[in-house]
Amino acid sequence: MLQYTVRRVLDLLPTLFVVAVIVFLVTRLIPGDPASVMLGPQATVEDIEQMRITLGLDQPILQQFISYIGDLLTGNLGTSIYYKEPVTALILERFPNTIVLSVCALFIALIVGIPAGIISATRQRSWLDYSVMVVSLLGVSMPVFWLGVMLVLFFSVQLGWFPSTGMGSMEDGLWSYVSHLILPSVTLATIPMATFARITRSAMLEVVSQDYIKTARAKGLKERYVIGKHAFKNALTPLLTVMGMQISLMLGGAVLTETIFSWPGMGRLVVDAIDKRDFMVVQGTVMFIAIIFVVINLIVDLLYKVVNPKVNYSSRKGGE
Amino acid sequence: MKSLKWMTIALLILVLAACGGGASSNAGQNTEGQDTAATGEETEATGGNLRVALAATPKTLDPIAYTAVYESNVMKSIFDTLVQYNDDLSEIQPALATEWEVSDDLKTYTFTLRDDVSFQPGEFQDGRPMTAEDVKYSLERSSKESAMNRLRNVESVEVIGDNQVAVHMTEPYSALLAVLTDMGNAIVPKEEVEGHGDAFGQNPVGTGPFAFSDWAKDDFIKVTASETYWGDKPNLDGVEWSFISDGNMRANALRAGDIDVATEIAGQARALVQTDDKLKFLSTPGLSIEYLAFNMTEGPTSDLKVRQAMQMATNVEDIVKGAYQFGGATPARLPLPEASWGYDEAAAGKIPGYDVDAAKALLAETDYADGFSTELYVIEKRVPHATVFQTQMKENLNIDVEIKTLEWGTFSDTVSKGQAPLYIMGWSWYPDPEFFLYQMLHSNQIGALGNGGGYSNPEVDSLLTRATSETADQGERAELYKQALNIISEDLPHIDMTQVEITVGTTTKVNDYKVSPDGSITIVGNGTNVSLSE
């Protein structure tokens, strides 16, 4: 197990390097000179030239890349061109807000998605099953931006139940905090919720038809135990894979959701940074998300073992 | 195990019930507020916090470091400048300086300062009185360090008494007062600036009506009424500035009652705010213009008759309608917005009107009777303007216009080097004509972004220079600018297209909120004191 863990961690390094290269190149390909964007129309040509030197943009691209990789190795994501603060500090300042939003969304997605999938599977071909499937299909295909705006129009503008933007503060009471969280986390939860429902359903259906479930039933176990304990536990493995992916995707979805709801998280930081051609922040944040992405996948891989001890790590080596 | 499960479920139900309860009581409050608002009864100001949504997130509130108007809007509640514009930007009024004198050579400005001004208490001083030394410190700091070069031509600032300072200029410059209204030249206390170092921009202290209190990154900035403010006592307890980048979401937040004021209401959001009777829609023509500039040095447009023909073949009204489908702009006629005190109706009247037949006849007299091909440079957001113009040129004069869309960096590079045969750009600055006419049309500015068309007329150059070096009297200066505008409208270096409106939506609870043509927001001061009805 330990050996496998170490090997998996080492496997991540080339992946991260490739991500670093791509991120660096892509941010350089966004059209627009950060110096002139920052200084605005009234800047003189000399001002812009001076700014380019200050920002190190006059250096050859290879040199910029080498110093970027060097910084990365020491855990330094660079200094924001616009804020003139370390990118790591900017990210860490906003990351907790993104985590709060993502965890809430994940919670909603799980407590709604998984039971819906189980119900759907146990009542296959009932009207309940069809409704869950139709709703989850809608959920997967709903554009996040559109959904967010619709929720605001209905729950904020029409009903006045929840605030439309910003983040509440604990100082104004728990309700202020929670009420600000509801619409953005429901928006962010929609796609994973629908995905969990569909995956749970199909995994459960597969498991339920197997012999040991029939045996369990034959033994006279209560249906609740058969489904909850035996079947669900075995359906958990595929669900775990999808969960890992959904959590990573959620960080991407948070970019949109945070922009719609003016949520002060990492997503807004990226969108603002793209507007301002602050590519130090763009590449820093994308690197940061990439690192989280691979770490989550690593955790998911390791969790397989915990959930299902029968997973044989050495067999993964078979093809090499 | 089993009991734990049921306890969890019970807890969940409880939480949901609590949420539901909270929601309905919240909704109750909302309706109550709306009822009062709908009847429009003038109730007494209750203090309270005004919630204003800006379109972008400020990064710093340090005067010398700020780069955008939404930053200066927050700064305006915390800081004061020596002088300020009045409501309609027609003249300059006292602020921290009660009066000023300009030397005959226009090189020395002597300011007399108010003697009852104190800074807000901060970390490094406890709210001490503002002195002439602070003015010297602040202006010299801006003159040397301002990122945006907001205080130019200043040689030195001299303290000549407890409440008098003299600003010495390197050359006669009567636009100095306009420059001093900029938040970049606000008066700051030295201890705080040096004590905080680079973090002063996150912990601003000034002499304004509100004191900075709290900043949640990307979320809000809070300011509270300053106890020691020298002017009228603020009606509000404080202001909360929040940041909502999407225009429709700003309108939605306003309709939902999450904010009291939403700035930059444009496009579809205009209709949303205008038709909602619980909201007020405020607008005024802005201090900005969008224009098409001709290359004056080479190609067909270096011929005056070609420019005249193209001006006559351009239906500006259609461009305004095409580019601003939901409203929000008016046609422009001069390279100076109507909101500037230098605007001249007579010069505007000289611009040829839309007349296709006359345009055709005029073009027939040139070497390009059958039309020609040319390129028009724009940035993405002005493609609609360019497209309407392109159609009009093709239909009316058989001129083929190829639209080249560039991002800002490349666009400004191409334009400032004079490489664009035609380009559409926007310009906005102080109400002083200097910042439009000199920057865009003086031959000294060829090579800078302003005069990318390469317009050069010695007579205009001389009038524009005289307007800032010969007199500081606004009336006399306006006269010189009018003469310059009259020549410019005969030379036709631009087709002026649109003046964009400054628009704001507020709830009906907000009283005394004024929209300024320069987009600045005054909460307290200059005869304004915003309040909230119960």
# chains A, B, ... in the order shown; residues from 1 in each chain; ligands from 1

call {"tool": "interface_residues", "arguments": {"of": "chain B", "to": "chain A", "cutoff": "6 Å", "atoms": "only C-alpha atoms", "output": "PDB file with N, CA, C and O atoms, in the first residue's frame"}}
result
ATOM      1  N   ALA B  23     -37.053  32.289   6.329  1.00  0.00           N
ATOM      2  CA  ALA B  23     -37.371  32.799   5.006  1.00  0.00           C
ATOM      3  C   ALA B  23     -38.666  33.590   5.017  1.00  0.00           C
ATOM      4  O   ALA B  23     -38.731  34.692   4.488  1.00  0.00           O
ATOM      5  N   ALA B  27     -39.295  37.474   4.133  1.00  0.00           N
ATOM      6  CA  ALA B  27     -40.181  37.908   3.063  1.00  0.00           C
ATOM      7  C   ALA B  27     -41.146  38.964   3.595  1.00  0.00           C
ATOM      8  O   ALA B  27     -41.443  39.944   2.926  1.00  0.00           O
ATOM      9  N   ASP B 218     -13.095  41.114  -2.627  1.00  0.00           N
ATOM     10  CA  ASP B 218     -14.033  40.719  -3.682  1.00  0.00           C
ATOM     11  C   ASP B 218     -15.490  40.724  -3.235  1.00  0.00           C
ATOM     12  O   ASP B 218     -16.365  40.315  -3.975  1.00  0.00           O
ATOM     13  N   ASP B 219     -15.772  41.131  -2.001  1.00  0.00           N
ATOM     14  CA  ASP B 219     -17.140  41.055  -1.507  1.00  0.00           C
ATOM     15  C   ASP B 219     -17.696  42.449  -1.211  1.00  0.00           C
ATOM     16  O   ASP B 219     -18.653  42.888  -1.850  1.00  0.00           O
ATOM     17  N   ILE B 244     -20.648  43.678  -8.119  1.00  0.00           N
ATOM     18  CA  ILE B 244     -21.378  42.701  -8.922  1.00  0.00           C
ATOM     19  C   ILE B 244     -21.019  42.972 -10.374  1.00  0.00           C
ATOM     20  O   ILE B 244     -21.431  43.982 -10.943  1.00  0.00           O
ATOM     21  N   ALA B 253     -30.281  42.176  -8.319  1.00  0.00           N
ATOM     22  CA  ALA B 253     -30.006  42.403  -6.897  1.00  0.00           C
ATOM     23  C   ALA B 253     -30.763  43.638  -6.412  1.00  0.00           C
ATOM     24  O   ALA B 253     -31.247  43.689  -5.281  1.00  0.00           O
ATOM     25  N   ARG B 255     -33.643  44.751  -7.757  1.00  0.00           N
ATOM     26  CA  ARG B 255     -35.071  44.405  -7.712  1.00  0.00           C
ATOM     27  C   ARG B 255     -35.373  43.538  -6.497  1.00  0.00           C
ATOM     28  O   ARG B 255     -36.455  43.599  -5.922  1.00  0.00           O
ATOM     29  N   ALA B 256     -34.403  42.713  -6.115  1.00  0.00           N
ATOM     30  CA  ALA B 256     -34.621  41.827  -4.970  1.00  0.00           C
ATOM     31  C   ALA B 256     -34.458  42.583  -3.646  1.00  0.00           C
ATOM     32  O   ALA B 256     -34.732  42.033  -2.593  1.00  0.00           O
ATOM     33  N   GLU B 407      -7.672  43.408 -30.192  1.00  0.00           N
ATOM     34  CA  GLU B 407      -7.801  43.608 -28.743  1.00  0.00           C
ATOM     35  C   GLU B 407      -7.084  44.903 -28.403  1.00  0.00           C
ATOM     36  O   GLU B 407      -6.301  45.442 -29.192  1.00  0.00           O
ATOM     37  N   GLY B 409      -4.615  46.061 -26.595  1.00  0.00           N
ATOM     38  CA  GLY B 409      -3.168  46.275 -26.664  1.00  0.00           C
ATOM     39  C   GLY B 409      -2.700  46.547 -28.092  1.00  0.00           C
ATOM     40  O   GLY B 409      -2.015  47.533 -28.362  1.00  0.00           O
ATOM     41  N   ALA B 448       1.028  59.672 -29.794  1.00  0.00           N
ATOM     42  CA  ALA B 448       0.345  59.132 -28.619  1.00  0.00           C
ATOM     43  C   ALA B 448      -1.009  58.604 -29.088  1.00  0.00           C
ATOM     44  O   ALA B 448      -1.417  58.830 -30.226  1.00  0.00           O
TER      45      ALA B 448
END

call {"tool": "residues_around", "arguments": {"residues": "stretch 124-140 of chain A", "least_positions_apart": "2", "cutoff": "12 Å", "atoms": "only C-alpha atoms", "output": "count of residues only"}}
result
39

call {"tool": "atom_distance", "arguments": {"atom1": "atom CA of B:Gln311", "atom2": "atom CA of B:Met393"}}
result
9.8 Å

call {"tool": "residues_around", "arguments": {"residues": "stretch 111-114 of chain B", "least_positions_apart": "4", "cutoff": "10 Å", "atoms": "only C-alpha atoms", "output": "PyMOL selection string"}}
result
chain B and resi 82-83+94-102+130-132+135+159-167+230

call {"tool": "residues_around", "arguments": {"residues": "B:Asp496", "least_positions_apart": "6", "cutoff": "8 Å", "atoms": "only C-alpha atoms", "output": "list in words"}}
result
Ile289, Glu290, Tyr291, Leu292, Pro331, Ala332, Arg333, Leu334 and Pro335 of chain B

call {"tool": "atom_distance", "arguments": {"atom1": "atom CA of B:Leu406", "atom2": "atom CA of B:Val69"}}
result
24.0 Å

call {"tool": "residues_around", "arguments": {"residues": "stretch 477-490 of chain B", "least_positions_apart": "3", "cutoff": "8 Å", "atoms": "only C-alpha atoms", "output": "list of chain:residue names"}}
result
B:Leu334, B:Trp341, B:Gly342, B:Tyr343, B:Asp344, B:Ala346, B:Ala347, B:Ala348, B:Lys350, B:Ile351, B:Pro433, B:Glu459, B:Val460, B:Leu463, B:Leu464, B:Arg466, B:Ala467, B:Thr468, B:Thr471, B:Ala472, B:Asp473, B:Gln474, B:Pro493

call {"tool": "closest_residue", "arguments": {"among": "B:Thr181, B:Asp232, B:Arg141, B:Phe212", "to": "B:Tyr85", "atoms": "only C-alpha atoms"}}
result
B:Thr181

call {"tool": "residues_around", "arguments": {"residues": "stretch 298-303 of chain A", "least_positions_apart": "2", "cutoff": "7 Å", "atoms": "only C-alpha atoms", "output": "VMD selection string"}}
result
chain A and resid 240 to 241 244 294 to 296 305 to 307

call {"tool": "write_last_selection", "arguments": {"atoms": "N, CA, C and O atoms", "output": "compact mmCIF listing (two decimals), in the first residue's frame"}}
result
# COMPACT_ATOMS: atom_id res chain seq x y z
N LEU A 240 -17.70 6.31 -6.20
CA LEU A 240 -16.54 7.02 -5.65
C LEU A 240 -15.73 7.67 -6.77
O LEU A 240 -15.28 8.81 -6.67
N THR A 241 -15.54 6.91 -7.88
CA THR A 241 -14.79 7.45 -9.02
C THR A 241 -15.47 8.73 -9.51
O THR A 241 -14.84 9.76 -9.70
N GLY A 244 -15.13 11.68 -7.16
CA GLY A 244 -13.82 12.34 -7.26
C GLY A 244 -13.81 13.30 -8.44
O GLY A 244 -13.41 14.46 -8.33
N VAL A 294 -5.49 16.53 -9.18
CA VAL A 294 -4.75 15.26 -9.15
C VAL A 294 -4.71 14.70 -7.73
O VAL A 294 -4.76 13.48 -7.54
N VAL A 295 -4.68 15.57 -6.74
CA VAL A 295 -4.67 15.06 -5.36
C VAL A 295 -5.99 14.35 -5.05
O VAL A 295 -6.00 13.27 -4.46
N ILE A 296 -7.10 14.93 -5.50
CA ILE A 296 -8.39 14.29 -5.25
C ILE A 296 -8.44 12.92 -5.94
O ILE A 296 -8.86 11.93 -5.35
N LYS A 305 -9.27 1.03 -2.08
CA LYS A 305 -8.72 -0.04 -1.26
C LYS A 305 -9.52 -0.15 0.05
O LYS A 305 -9.80 -1.24 0.53
N VAL A 306 -9.83 1.00 0.59
CA VAL A 306 -10.54 1.01 1.87
C VAL A 306 -11.95 0.45 1.70
O VAL A 306 -12.42 -0.36 2.48
N VAL A 307 -12.61 0.92 0.62
CA VAL A 307 -14.00 0.50 0.41
C VAL A 307 -14.06 -0.95 -0.04
O VAL A 307 -14.88 -1.72 0.40

call {"tool": "decode", "arguments": {"residues": "stretch 305-365 of chain B", "atoms": "C-alpha atoms", "output": "short mmCIF file (atom, residue, chain, number, x, y, z; two decimals), in the first residue's frame"}}
result
data_model
loop_
_atom_site.label_atom_id
_atom_site.label_comp_id
_atom_site.auth_asym_id
_atom_site.auth_seq_id
_atom_site.Cartn_x
_atom_site.Cartn_y
_atom_site.Cartn_z
CA LYS B 305 -13.77 66.62 -49.60
CA VAL B 306 -13.61 62.87 -49.04
CA ARG B 307 -14.03 63.43 -45.29
CA GLN B 308 -16.94 65.78 -45.88
CA ALA B 309 -18.60 63.28 -48.18
CA MET B 310 -18.16 60.49 -45.65
CA GLN B 311 -19.53 62.65 -42.85
CA MET B 312 -22.60 63.49 -44.97
CA ALA B 313 -23.07 59.83 -45.86
CA THR B 314 -23.04 58.80 -42.19
CA ASN B 315 -26.36 58.61 -40.41
CA VAL B 316 -25.19 58.99 -36.83
CA GLU B 317 -28.70 58.36 -35.46
CA ASP B 318 -28.66 54.90 -37.01
CA ILE B 319 -25.27 54.15 -35.50
CA VAL B 320 -26.54 55.14 -32.06
CA LYS B 321 -29.62 52.95 -32.50
CA GLY B 322 -27.62 50.02 -33.85
CA ALA B 323 -24.96 50.08 -31.17
CA TYR B 324 -27.30 50.83 -28.25
CA GLN B 325 -30.43 48.82 -28.98
CA PHE B 326 -31.78 49.31 -25.50
CA GLY B 327 -30.93 53.01 -25.38
CA GLY B 328 -28.26 54.64 -23.30
CA ALA B 329 -26.54 56.91 -25.80
CA THR B 330 -27.20 60.10 -27.75
CA PRO B 331 -25.60 61.30 -30.99
CA ALA B 332 -22.39 63.29 -30.59
CA ARG B 333 -21.51 66.17 -32.86
CA LEU B 334 -18.20 67.51 -31.62
CA PRO B 335 -15.01 65.93 -30.27
CA LEU B 336 -16.12 67.33 -26.92
CA PRO B 337 -19.11 66.02 -24.94
CA GLU B 338 -22.03 68.36 -24.31
CA ALA B 339 -21.40 68.00 -20.57
CA SER B 340 -18.14 69.94 -20.89
CA TRP B 341 -18.22 73.69 -20.30
CA GLY B 342 -16.32 74.26 -23.54
CA TYR B 343 -19.04 72.80 -25.78
CA ASP B 344 -20.13 75.12 -28.58
CA GLU B 345 -23.47 74.91 -30.41
CA ALA B 346 -22.22 77.10 -33.26
CA ALA B 347 -19.34 74.74 -33.98
CA ALA B 348 -21.69 71.75 -33.75
CA GLY B 349 -23.96 73.45 -36.29
CA LYS B 350 -21.13 73.55 -38.82
CA ILE B 351 -20.89 69.76 -39.00
CA PRO B 352 -22.58 68.70 -42.26
CA GLY B 353 -25.81 66.79 -41.72
CA TYR B 354 -26.90 63.48 -43.29
CA ASP B 355 -27.41 64.10 -47.01
CA VAL B 356 -26.63 61.23 -49.35
CA ASP B 357 -27.08 63.11 -52.61
CA ALA B 358 -24.79 65.92 -51.55
CA ALA B 359 -22.29 63.34 -50.33
CA LYS B 360 -22.28 61.58 -53.72
CA ALA B 361 -21.90 64.87 -55.55
CA LEU B 362 -19.00 65.86 -53.33
CA LEU B 363 -17.19 62.54 -53.71
CA ALA B 364 -17.58 62.82 -57.49
CA GLU B 365 -15.41 65.94 -57.37
#
